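The file input.csv comes next; it holds CSV, C-alpha atoms.
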chain,number,residue,atom,x,y,z
A,831,MET,CA,29.4,20.8,-26.6
A,832,GLY,CA,25.9,19.7,-25.6
A,833,PHE,CA,24.7,16.1,-25.7
A,834,GLU,CA,22.5,16.8,-28.8
A,835,GLN,CA,25.4,18.5,-30.7
A,836,ARG,CA,27.7,15.5,-30.5
A,837,GLN,CA,28.4,13.7,-33.8
A,838,ASP,CA,27.6,10.3,-32.1
A,839,PHE,CA,24.4,11.6,-30.7
A,840,ALA,CA,22.1,9.3,-32.7
A,841,ARG,CA,24.2,6.3,-32.0
A,842,GLN,CA,24.3,7.0,-28.3
A,843,VAL,CA,20.5,7.5,-28.1
A,844,ALA,CA,20.1,4.2,-29.9
A,845,ASP,CA,22.4,2.4,-27.5
A,846,LEU,CA,20.6,3.9,-24.5
A,847,ASN,CA,17.2,2.8,-25.9
A,848,LYS,CA,18.5,-0.7,-26.4
A,849,TYR,CA,19.6,-0.9,-22.8
A,850,GLY,CA,16.2,0.7,-21.8
A,851,GLN,CA,14.4,-2.2,-23.6
A,852,ALA,CA,16.6,-4.7,-21.9
A,853,LEU,CA,16.1,-3.1,-18.5
A,854,ASN,CA,12.3,-3.4,-18.9
A,855,GLN,CA,12.7,-7.2,-19.5
A,856,CYS,CA,14.5,-7.7,-16.2
A,857,GLU,CA,12.7,-9.9,-13.6
A,858,THR,CA,14.5,-8.7,-10.5
A,859,VAL,CA,15.9,-5.5,-9.1
A,860,ASP,CA,19.3,-7.2,-8.9
A,861,GLU,CA,19.2,-7.8,-12.7
A,862,VAL,CA,18.3,-4.1,-13.3
A,863,VAL,CA,21.2,-3.0,-11.1
A,864,SER,CA,23.7,-5.3,-12.8
A,865,LEU,CA,22.6,-4.2,-16.3
A,866,THR,CA,22.7,-0.6,-15.4
A,867,LEU,CA,26.3,-0.9,-14.1
A,868,GLU,CA,27.2,-2.7,-17.3
A,869,ALA,CA,25.6,0.0,-19.5
A,870,ILE,CA,27.4,2.9,-17.8
A,871,THR,CA,30.7,1.1,-17.8
A,872,ILE,CA,30.5,0.4,-21.6
A,873,LEU,CA,28.7,3.5,-22.9
A,874,PHE,CA,30.4,6.1,-20.7
A,875,GLU,CA,33.7,4.3,-20.0
A,876,LEU,CA,33.2,5.0,-16.3
A,877,THR,CA,34.4,2.4,-13.8
A,878,ASP,CA,33.1,3.9,-10.6
A,879,VAL,CA,29.3,3.5,-10.6
A,880,THR,CA,26.8,3.1,-7.8
A,881,VAL,CA,23.1,2.4,-8.0
A,882,ILE,CA,21.0,3.5,-5.0
A,883,GLU,CA,17.3,2.6,-4.5
A,884,VAL,CA,14.8,4.8,-2.6
A,885,ARG,CA,12.8,2.7,-0.2
A,886,GLU,CA,10.2,4.4,2.0
A,887,SER,CA,12.0,7.8,1.5
A,888,ASP,CA,15.4,6.4,2.6
A,889,LEU,CA,18.4,5.6,0.4
A,890,TYR,CA,20.0,2.1,0.1
A,891,VAL,CA,23.0,1.2,-2.0
A,892,VAL,CA,22.0,-1.8,-4.0
A,893,GLY,CA,25.0,-2.2,-6.3
A,894,SER,CA,28.4,-0.6,-7.1
A,895,THR,CA,31.5,-1.2,-9.1
A,896,ASN,CA,33.4,0.6,-6.4
A,897,PRO,CA,35.1,-2.0,-4.1
A,898,GLU,CA,34.6,0.3,-1.1
A,899,LEU,CA,30.8,0.4,-1.5
A,900,SER,CA,29.0,-2.8,-1.0
A,901,ALA,CA,25.2,-3.3,-0.9
A,902,GLY,CA,23.8,-1.6,2.2
A,903,ALA,CA,26.6,1.0,2.4
A,904,THR,CA,25.9,4.6,3.4
A,905,PRO,CA,25.0,6.7,0.3
A,906,SER,CA,27.1,9.8,-0.3
A,907,ASP,CA,26.0,13.4,0.4
A,908,ALA,CA,25.7,14.0,-3.3
A,909,ALA,CA,23.2,11.2,-3.6
A,910,ARG,CA,21.1,12.5,-0.7
A,911,ARG,CA,21.1,16.0,-2.2
A,912,ALA,CA,20.0,14.7,-5.6
A,913,HIS,CA,17.2,12.8,-3.8
A,914,GLU,CA,16.1,15.8,-1.8
A,915,THR,CA,16.1,18.3,-4.7
A,916,GLY,CA,15.0,15.9,-7.4
A,917,GLU,CA,17.7,17.3,-9.7
A,918,SER,CA,21.1,16.1,-10.9
A,919,VAL,CA,24.0,17.1,-8.6
A,920,THR,CA,27.6,17.6,-9.7
A,921,VAL,CA,30.5,17.9,-7.2
A,922,THR,CA,34.1,18.7,-8.1
A,923,GLY,CA,37.4,19.0,-6.4
A,924,ASP,CA,38.2,17.8,-2.9
A,925,ASP,CA,34.6,17.3,-2.0
A,926,ALA,CA,34.0,14.8,-4.9
A,927,GLY,CA,35.6,11.8,-3.3
A,928,ILE,CA,34.2,9.3,-0.8
A,929,ASP,CA,36.8,10.4,1.7
A,930,ALA,CA,39.7,12.8,2.1
A,931,ASP,CA,42.2,10.3,0.6
A,932,SER,CA,40.1,9.7,-2.5
A,933,GLU,CA,41.6,10.4,-6.0
A,934,THR,CA,38.1,11.3,-7.3
A,935,THR,CA,38.0,14.7,-9.1
A,936,ALA,CA,34.3,14.8,-10.2
A,937,THR,CA,31.1,13.2,-9.0
A,938,LEU,CA,27.6,13.1,-10.6
A,939,ALA,CA,24.4,12.0,-8.9
A,940,VAL,CA,21.3,11.6,-11.0
A,941,PRO,CA,17.9,11.0,-9.4
A,942,GLU,CA,15.0,9.5,-11.5
A,943,GLY,CA,11.6,8.2,-10.7
A,944,ILE,CA,7.9,8.1,-11.7
A,945,VAL,CA,5.8,11.2,-11.5
A,946,ASP,CA,7.3,13.2,-8.6
A,947,GLU,CA,8.5,10.1,-6.6
A,948,THR,CA,12.3,9.3,-6.9
A,949,VAL,CA,12.9,5.6,-7.4
A,950,CYS,CA,16.6,5.5,-7.7
A,951,VAL,CA,19.8,7.6,-7.7
A,952,ILE,CA,22.7,6.7,-9.9
A,953,VAL,CA,26.2,8.0,-8.8
A,954,VAL,CA,29.2,8.1,-11.1
A,955,ARG,CA,32.7,9.2,-10.2
A,956,SER,CA,35.8,10.1,-12.2
A,957,SER,CA,39.5,10.5,-11.2
A,958,SER,CA,40.4,12.0,-14.6
A,959,ALA,CA,37.6,14.4,-15.6
A,960,ALA,CA,37.5,17.9,-14.0
A,961,GLU,CA,33.7,17.9,-14.2
A,962,PHE,CA,30.8,16.2,-15.8
A,963,GLY,CA,29.1,18.3,-18.6
A,964,ASP,CA,25.9,17.9,-20.5
A,965,GLU,CA,27.5,15.3,-22.8
A,966,VAL,CA,27.4,12.9,-19.8
A,967,VAL,CA,24.6,14.3,-17.6
A,968,LYS,CA,21.9,14.3,-20.3
A,969,PRO,CA,22.4,10.7,-21.5
A,970,MET,CA,22.9,9.5,-17.9
A,971,GLU,CA,19.5,11.0,-17.0
A,972,ILE,CA,17.9,9.0,-19.9
A,973,LEU,CA,19.5,5.8,-18.7
A,974,ALA,CA,18.5,6.5,-15.1
A,975,THR,CA,14.9,7.0,-16.3
A,976,HIS,CA,14.9,3.5,-17.9
A,977,ALA,CA,16.3,2.0,-14.7
A,978,ALA,CA,13.8,3.8,-12.4
A,979,THR,CA,10.9,2.6,-14.6
A,980,ALA,CA,12.2,-1.0,-14.5
A,981,ILE,CA,12.7,-1.0,-10.7
A,982,SER,CA,9.2,0.6,-10.1
A,983,ASN,CA,7.5,-2.0,-12.3
A,984,ILE,CA,9.3,-4.9,-10.6
A,985,ARG,CA,8.4,-3.6,-7.1
A,986,SER,CA,4.8,-3.2,-8.1
A,987,ARG,CA,4.7,-6.8,-9.4
A,988,GLU,CA,6.3,-8.0,-6.2
A,989,ARG,CA,3.7,-6.2,-4.0
A,990,LEU,CA,0.9,-7.7,-6.2
A,991,GLU,CA,2.4,-11.2,-5.9
A,992,ARG,CA,2.6,-10.8,-2.1
A,993,ALA,CA,-1.0,-9.8,-2.1
A,994,ARG,CA,-2.0,-12.8,-4.1
A,995,GLN,CA,-0.1,-15.2,-1.8
A,996,ASP,CA,-1.6,-13.5,1.2
A,997,LEU,CA,-5.1,-13.9,-0.3
A,998,GLU,CA,-4.5,-17.7,-0.7
A,999,THR,CA,-3.2,-17.9,2.9
A,1000,ARG,CA,-6.2,-16.1,4.2
A,1001,LYS,CA,-8.6,-18.3,2.2
A,1002,GLU,CA,-7.0,-21.4,3.8
A,1003,LEU,CA,-7.4,-19.9,7.3
A,1004,ILE,CA,-10.9,-18.8,6.5
A,1005,GLU,CA,-11.9,-22.4,5.5
A,1006,MET,CA,-10.4,-23.6,8.8
A,1007,TYR,CA,-12.4,-21.0,10.9
A,1008,ASP,CA,-15.5,-21.8,8.9
A,1009,ARG,CA,-15.3,-25.5,9.8
A,1010,LEU,CA,-14.5,-24.7,13.4
A,1011,LEU,CA,-17.3,-22.1,13.8
A,1012,ARG,CA,-20.1,-23.7,11.9
A,1013,HIS,CA,-19.6,-27.3,12.9
A,1014,ASP,CA,-17.9,-27.6,16.2
A,1015,ILE,CA,-19.0,-24.4,18.0
A,1016,GLY,CA,-22.3,-24.3,16.1
A,1017,ASN,CA,-23.2,-27.9,17.2
A,1018,ASP,CA,-22.2,-27.1,20.8
A,1019,LEU,CA,-24.5,-24.1,20.9
A,1020,GLN,CA,-27.4,-26.2,19.6
A,1021,VAL,CA,-26.8,-28.6,22.4
A,1022,ILE,CA,-26.7,-25.8,25.0
A,1023,ALA,CA,-29.9,-24.2,23.6
A,1024,GLY,CA,-31.7,-27.6,23.6
A,1025,PHE,CA,-30.8,-28.4,27.2
A,1026,ALA,CA,-31.8,-24.9,28.3
A,1027,ASP,CA,-35.2,-25.3,26.6
A,1028,ALA,CA,-35.6,-28.6,28.4
A,1029,VAL,CA,-34.6,-27.2,31.8
A,1030,GLU,CA,-37.0,-24.3,31.3
A,1031,GLN,CA,-39.9,-26.8,31.2
A,1032,GLU,CA,-38.9,-28.5,34.4
A,1033,ILE,CA,-38.3,-25.7,36.8
A,1034,GLU,CA,-40.6,-23.3,38.6
A,1035,ASP,CA,-38.2,-21.3,40.7
A,1036,GLU,CA,-38.2,-17.7,39.5
A,1037,GLU,CA,-34.5,-17.1,40.1
A,1038,ALA,CA,-33.6,-20.3,38.3
A,1039,SER,CA,-35.8,-19.4,35.4
A,1040,GLU,CA,-33.9,-16.1,35.0
A,1041,TYR,CA,-30.7,-18.0,34.8
A,1042,VAL,CA,-32.1,-20.3,32.1
A,1043,ALA,CA,-33.4,-17.3,30.2
A,1044,LYS,CA,-29.9,-15.8,30.3
A,1045,ILE,CA,-28.4,-19.1,29.0
A,1046,GLN,CA,-31.0,-19.1,26.2
A,1047,ARG,CA,-30.2,-15.5,25.2
A,1048,ALA,CA,-26.5,-16.1,25.3
A,1049,SER,CA,-26.8,-19.2,23.1
A,1050,ARG,CA,-29.0,-17.4,20.6
A,1051,ASN,CA,-26.7,-14.4,20.4
A,1052,SER,CA,-23.7,-16.7,20.0
A,1053,ALA,CA,-25.5,-18.7,17.3
A,1054,ASP,CA,-26.4,-15.5,15.5
A,1055,LEU,CA,-22.7,-14.3,15.7
A,1056,VAL,CA,-21.5,-17.6,14.3
A,1057,GLU,CA,-24.0,-17.2,11.4
A,1058,ARG,CA,-22.8,-13.7,10.7
A,1059,VAL,CA,-19.1,-14.8,10.7
A,1060,GLY,CA,-20.1,-17.7,8.5
A,1061,ASP,CA,-21.6,-15.3,6.0
A,1062,LEU,CA,-18.4,-13.3,6.1
A,1063,VAL,CA,-16.3,-16.4,5.6
A,1064,SER,CA,-18.4,-17.4,2.6
A,1065,THR,CA,-18.0,-14.0,1.1
A,1066,LEU,CA,-14.2,-14.0,1.5
A,1067,GLU,CA,-14.0,-17.5,0.0
A,1068,ARG,CA,-15.7,-16.2,-3.2
A,1069,GLN,CA,-13.1,-13.4,-3.4
A,1070,ARG,CA,-11.2,-13.4,-6.7
A,1071,GLU,CA,-7.6,-12.3,-7.2
A,1072,PRO,CA,-6.9,-8.6,-7.5
A,1073,GLU,CA,-7.2,-7.1,-11.0
A,1074,PRO,CA,-7.3,-3.6,-12.4
A,1075,ARG,CA,-10.6,-1.8,-11.6
A,1076,GLU,CA,-11.9,1.7,-12.3
A,1077,LEU,CA,-12.3,3.5,-9.0
A,1078,SER,CA,-14.5,6.5,-9.8
A,1079,PRO,CA,-17.7,4.7,-10.9
A,1080,LEU,CA,-17.3,2.2,-8.1
A,1081,LEU,CA,-17.2,5.0,-5.5
A,1082,GLU,CA,-20.2,6.8,-7.2
A,1083,ARG,CA,-22.3,3.7,-6.7
A,1084,THR,CA,-21.1,3.2,-3.2
A,1085,VAL,CA,-21.8,6.8,-2.1
A,1086,ALA,CA,-25.3,6.7,-3.7
A,1087,ASP,CA,-26.2,3.5,-1.9
A,1088,ALA,CA,-24.9,4.7,1.5
A,1089,THR,CA,-26.7,8.0,1.4
A,1090,ASP,CA,-29.9,6.4,0.3
A,1091,GLN,CA,-29.7,4.0,3.2
A,1092,TYR,CA,-28.9,6.6,5.9
A,1093,GLU,CA,-30.7,9.9,5.7
A,1094,ALA,CA,-28.4,11.5,8.3
A,1095,LEU,CA,-25.3,10.8,6.2
A,1096,SER,CA,-24.0,13.4,3.7
A,1097,VAL,CA,-21.0,12.7,1.5
A,1098,GLU,CA,-18.8,15.3,-0.2
A,1099,PHE,CA,-17.4,13.6,-3.3
A,1100,ASP,CA,-15.9,14.7,-6.6
A,1101,ALA,CA,-15.8,11.7,-9.0
A,1102,ALA,CA,-13.2,13.3,-11.2
A,1103,GLU,CA,-10.7,13.3,-8.3
A,1104,PHE,CA,-10.8,9.5,-8.3
A,1105,ASP,CA,-10.2,8.9,-12.0
A,1106,HIS,CA,-7.7,6.1,-11.3
A,1107,ARG,CA,-7.4,2.4,-11.8
A,1108,VAL,CA,-6.4,0.3,-8.8
A,1109,TYR,CA,-5.7,-3.4,-8.2
A,1110,ALA,CA,-8.6,-4.9,-6.3
A,1111,GLY,CA,-11.1,-7.8,-6.0
A,1112,ASP,CA,-14.8,-7.7,-6.7
A,1113,LEU,CA,-15.5,-6.8,-3.0
A,1114,LEU,CA,-13.8,-3.5,-3.1
A,1115,ASP,CA,-17.1,-1.7,-2.8
A,1116,SER,CA,-17.6,-3.5,0.5
A,1117,VAL,CA,-14.5,-1.8,1.9
A,1118,PHE,CA,-15.9,1.7,1.3
A,1119,THR,CA,-19.4,0.8,2.2
A,1120,ASN,CA,-18.3,-0.5,5.6
A,1121,VAL,CA,-16.3,2.7,6.4
A,1122,LEU,CA,-19.1,5.0,5.2
A,1123,THR,CA,-21.9,3.3,7.1
A,1124,ASN,CA,-19.6,3.1,10.1
A,1125,ALA,CA,-19.7,6.9,10.2
A,1126,ALA,CA,-23.4,6.9,10.0
A,1127,VAL,CA,-24.0,4.2,12.6
A,1128,HIS,CA,-21.5,5.3,15.2
A,1129,ASN,CA,-22.3,9.0,15.3
A,1130,ASP,CA,-25.4,10.7,16.8
A,1131,GLY,CA,-27.3,13.0,14.5
A,1132,GLU,CA,-26.3,14.2,11.1
A,1133,VAL,CA,-22.7,13.4,9.9
A,1134,THR,CA,-20.8,14.7,6.9
A,1135,VAL,CA,-18.1,12.6,5.2
A,1136,ARG,CA,-15.5,14.0,2.8
A,1137,LEU,CA,-13.9,11.6,0.3
A,1138,TYR,CA,-10.5,12.7,-1.1
A,1139,ALA,CA,-7.6,11.2,-3.0
A,1140,ASP,CA,-3.9,11.4,-2.3
A,1141,THR,CA,-1.7,10.4,-5.2
A,1142,ALA,CA,1.7,11.4,-3.7
A,1143,SER,CA,3.2,8.0,-4.5
A,1144,PRO,CA,3.5,6.9,-8.2
A,1145,ASP,CA,2.2,3.4,-7.5
A,1146,ARG,CA,0.0,3.9,-4.5
A,1147,LEU,CA,-3.3,5.7,-4.1
A,1148,VAL,CA,-4.8,6.7,-0.8
A,1149,VAL,CA,-8.6,7.1,-0.6
A,1150,GLY,CA,-9.3,9.4,2.4
A,1151,ILE,CA,-12.7,9.1,4.2
A,1152,ALA,CA,-12.9,11.9,6.7
A,1153,ASP,CA,-16.0,12.7,8.9
A,1154,ASP,CA,-17.0,15.3,11.4
A,1155,GLY,CA,-18.3,12.9,14.0
A,1156,SER,CA,-16.9,11.9,17.4
A,1157,GLY,CA,-13.8,10.2,16.1
A,1158,VAL,CA,-11.8,7.2,17.3
A,1159,ALA,CA,-9.8,7.4,20.5
A,1160,PRO,CA,-6.0,7.3,19.8
A,1161,ASP,CA,-5.5,4.1,21.9
A,1162,PHE,CA,-8.2,2.3,20.0
A,1163,ARG,CA,-7.1,3.2,16.4
A,1164,GLU,CA,-5.1,0.0,15.8
A,1165,GLU,CA,-7.3,-2.3,17.8
A,1166,ILE,CA,-10.4,-1.2,15.9
A,1167,PHE,CA,-9.3,-3.2,12.8
A,1168,GLU,CA,-9.1,-6.5,14.8
A,1169,MET,CA,-11.9,-9.0,14.1
A,1170,GLY,CA,-14.5,-8.7,16.8
A,1171,ALA,CA,-13.1,-5.5,18.3
A,1172,LYS,CA,-15.7,-2.8,19.1
A,1173,GLY,CA,-16.1,0.2,21.4
A,1174,ASP,CA,-17.9,0.1,24.7
A,1175,ASP,CA,-21.0,1.9,23.3
A,1176,SER,CA,-21.1,-0.2,20.1
A,1177,ASP,CA,-24.1,-2.4,19.4
A,1178,GLY,CA,-22.4,-4.0,16.3
A,1179,THR,CA,-20.5,-7.3,16.0
A,1180,GLY,CA,-17.1,-5.6,15.7
A,1181,PHE,CA,-16.4,-7.4,12.4
A,1182,GLY,CA,-17.0,-4.6,9.9
A,1183,LEU,CA,-13.7,-2.9,10.1
A,1184,GLY,CA,-11.9,-6.2,10.6
A,1185,PHE,CA,-13.5,-7.2,7.3
A,1186,VAL,CA,-12.2,-3.9,5.7
A,1187,ARG,CA,-8.6,-4.6,6.7
A,1188,ALA,CA,-8.7,-8.3,5.6
A,1189,LEU,CA,-10.0,-7.3,2.2
A,1190,THR,CA,-7.7,-4.3,1.7
A,1191,GLU,CA,-4.6,-6.3,2.7
A,1192,SER,CA,-5.6,-9.1,0.4
A,1193,TYR,CA,-5.4,-6.5,-2.4
A,1194,GLY,CA,-1.8,-5.5,-1.4
A,1195,GLY,CA,-3.1,-2.4,0.3
A,1196,SER,CA,-3.5,-1.2,3.9
A,1197,VAL,CA,-6.0,0.8,6.0
A,1198,ALA,CA,-5.4,3.1,9.0
A,1199,VAL,CA,-7.4,5.7,10.9
A,1200,GLY,CA,-6.5,9.1,12.4
A,1201,GLU,CA,-8.2,12.3,13.2
A,1202,SER,CA,-9.9,14.5,10.6
A,1203,ASP,CA,-9.6,18.3,10.3
A,1204,ALA,CA,-13.1,18.4,11.7
A,1205,GLY,CA,-12.2,16.4,14.8
A,1206,GLY,CA,-13.8,13.1,13.6
A,1207,ALA,CA,-12.4,10.0,12.1
A,1208,ASP,CA,-10.2,10.0,9.0
A,1209,PHE,CA,-9.7,6.6,7.4
A,1210,HIS,CA,-6.9,6.1,4.8
A,1211,VAL,CA,-7.5,3.2,2.4
A,1212,THR,CA,-4.3,2.6,0.5
A,1213,LEU,CA,-4.4,0.6,-2.8
A,1214,GLU,CA,-2.0,-0.3,-5.6
A,1215,ARG,CA,-2.4,2.0,-8.6
A,1216,VAL,CA,-2.3,0.6,-12.1
Transcribe the structure of this file into structure tokens.
Amino acid sequence: MGFEQRQDFARQVADLNKYGQALNQCETVDEVVSLTLEAITILFELTDVTVIEVRESDLYVVGSTNPELSAGATPSDAARRAHETGESVTVTGDDAGIDADSETTATLAVPEGIVDETVCVIVVRSSSAAEFGDEVVKPMEILATHAATAISNIRSRERLERARQDLETRKELIEMYDRLLRHDIGNDLQVIAGFADAVEQEIEDEEASEYVAKIQRASRNSADLVERVGDLVSTLERQREPEPRELSPLLERTVADATDQYEALSVEFDAAEFDHRVYAGDLLDSVFTNVLTNAAVHNDGEVTVRLYADTASPDRLVVGIADDGSGVAPDFREEIFEMGAKGDDSDGTGFGLGFVRALTESYGGSVAVGESDAGGADFHVTLERV
């Protein structure tokens, strides 16, 4: 008899929905796990239940009523098969148990997630049933969906909270650097420049005059750099906490501004592909502007950039920015995001991509660069999806 044909169908659905509502009120993953174990024990009268969370494509036991399976234990083969196939897996007979001495006669592993991304796998075992039929599999899948949704929401909130805390920490560091640069170093540079100007008036030796000129140039360049960094600091200090933002119109404006500014820059961009909302601050456009203009400035001649979206993860969106330029050397791809880092042939300050990483990470995201299909640079800006 199928799940829907059971006389107690309506009551069981109601009970599942009540637990679903309770699961969505949980504040931590541990609460979700505890409530899921309770629900299965009461509603299905099964005493061997294990909840497994999927983290970065790997499986972790996060809770179990089986005394042999503590948190962090190795998941069963049935759980891994369910994760890999995305479908419920049933095992009967001698293969159903944890080991050869087990009295288990039937095992069921149910994977559930958001979109196509598995969030958790629930495994139940029985030492009395010969197999698990639809009357157990179907309602178990409903409950697993509730648990997966709750876990996914909690993990998203945790990432956003870490981003907010990181933003506050960055603001404190920025204020410290601002005081150091603008006051201490800035004042010293003014003193150096002033004495260099005074020395210039007193000497007639040609070689000494060249040395003074170099001191003057170095002090002016350093003062200009301090001013640029100060502007960056002021910008970051004004940065607000991440909030939901429409991505497509923001990218449309950014692309239009960049192509207007650089005639040699062409951008392939389908606005409909970016019809998503992401968590970000009001400087998100600066992230994409810096990467786009970086392609125009650091490549000779005309350059084409292709913007694309990757939504493989249910709560993460990757904005790809791939160009057909000269690319970034593999041994420089991590260093390029350090503040002040720049290539040997660069005339810039080296702060543009450092600024990109600082902003993106403050939104709970990340940025990386690899090689595009055309042999140029391929930047991946990963953001939290709403």
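One distance worth recording is that between atom CA of Ile928 of chain A and atom CA of Glu886 of chain A, which is 24.7 Å.
Ranking A:Val1199, A:Arg1083, A:Val949, A:Ala901 by their shortest atom-to-atom distance to Arg985 of chain A, with only C-alpha atoms included, puts A:Val949 first.
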Around the point (-18.3, 5.9, -10.5), in the coordinates given by the file, pick out the residues reaching within 12 Å, counting all atoms listed in the file, and return them as a PyMOL selection string. chain A and resi 1075-1087+1099-1107+1115
When you look at Ala1028 of chain A with a cut-off of 12 Å (counting all atoms listed in the file), what residues show up, excluding the ones that are within fewer than 5 positions of it in the same chain? I need them as a compact mmCIF listing (two decimals) with C-alpha atoms, in the coordinates of the input.
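Here's the written file part17.txt:
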# COMPACT_ATOMS: atom_id res chain seq x y z
CA VAL A 1021 -26.80 -28.60 22.40
CA ILE A 1022 -26.70 -25.80 25.00
CA ALA A 1023 -29.90 -24.20 23.60
CA ILE A 1033 -38.30 -25.70 36.80
CA SER A 1039 -35.80 -19.40 35.40
CA VAL A 1042 -32.10 -20.30 32.10
CA ALA A 1043 -33.40 -17.30 30.20
CA ILE A 1045 -28.40 -19.10 29.00
CA GLN A 1046 -31.00 -19.10 26.20
Name all residues at most 10 Å from Asn983 of chain A (count all atoms listed in the file; drop same-chain ones fewer than 6 positions away) and give them as a list in words. Asn854, Cys856, Glu857, Thr858, Val859, Ala977 and Asp1145 of chain A
How many Å lie between atom CA of Asn1129 of chain A and atom CA of Phe1162 of chain A, rounded to one decimal? 16.3 Å
Two-atom distance - atom CA of Gly1182 of chain A, atom CA of Thr1089 of chain A (Å): 18.0 Å
Test item: residues at most 7 Å from Gly1150 of chain A, only C-alpha atoms, excluding those fewer than 5 positions along its chain, as a PDB file with C-alpha atoms, in the coordinates of the input:
ATOM      1  CA  LEU A1137     -13.900  11.600   0.300  1.00  0.00           C
ATOM      2  CA  TYR A1138     -10.500  12.700  -1.100  1.00  0.00           C
ATOM      3  CA  ALA A1139      -7.600  11.200  -3.000  1.00  0.00           C
ATOM      4  CA  ASP A1208     -10.200  10.000   9.000  1.00  0.00           C
ATOM      5  CA  PHE A1209      -9.700   6.600   7.400  1.00  0.00           C
ATOM      6  CA  HIS A1210      -6.900   6.100   4.800  1.00  0.00           C
ATOM      7  CA  VAL A1211      -7.500   3.200   2.400  1.00  0.00           C
TER       8      VAL A1211
END
From the set A:Leu1189, A:Ala1038, A:Val1148, A:Ala939, which residue has the shortest atom-to-atom contact distance to Gly1111 of chain A, counting only C-alpha atoms? A:Leu1189
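For the set A:Leu1114, A:Ala844, A:Val1186, A:Val1029, the residue with the smallest atom-to-atom gap to Pro969 of chain A is A:Ala844, counting all atoms listed in the file.
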For Ile972 of chain A, work out the shell of residues within 9 Å, counting all atoms listed in the file and skipping chain neighbours fewer than 2 positions away, then give it as a ChimeraX atom specification. /A:843,846-847,850,942,967-970,974-977
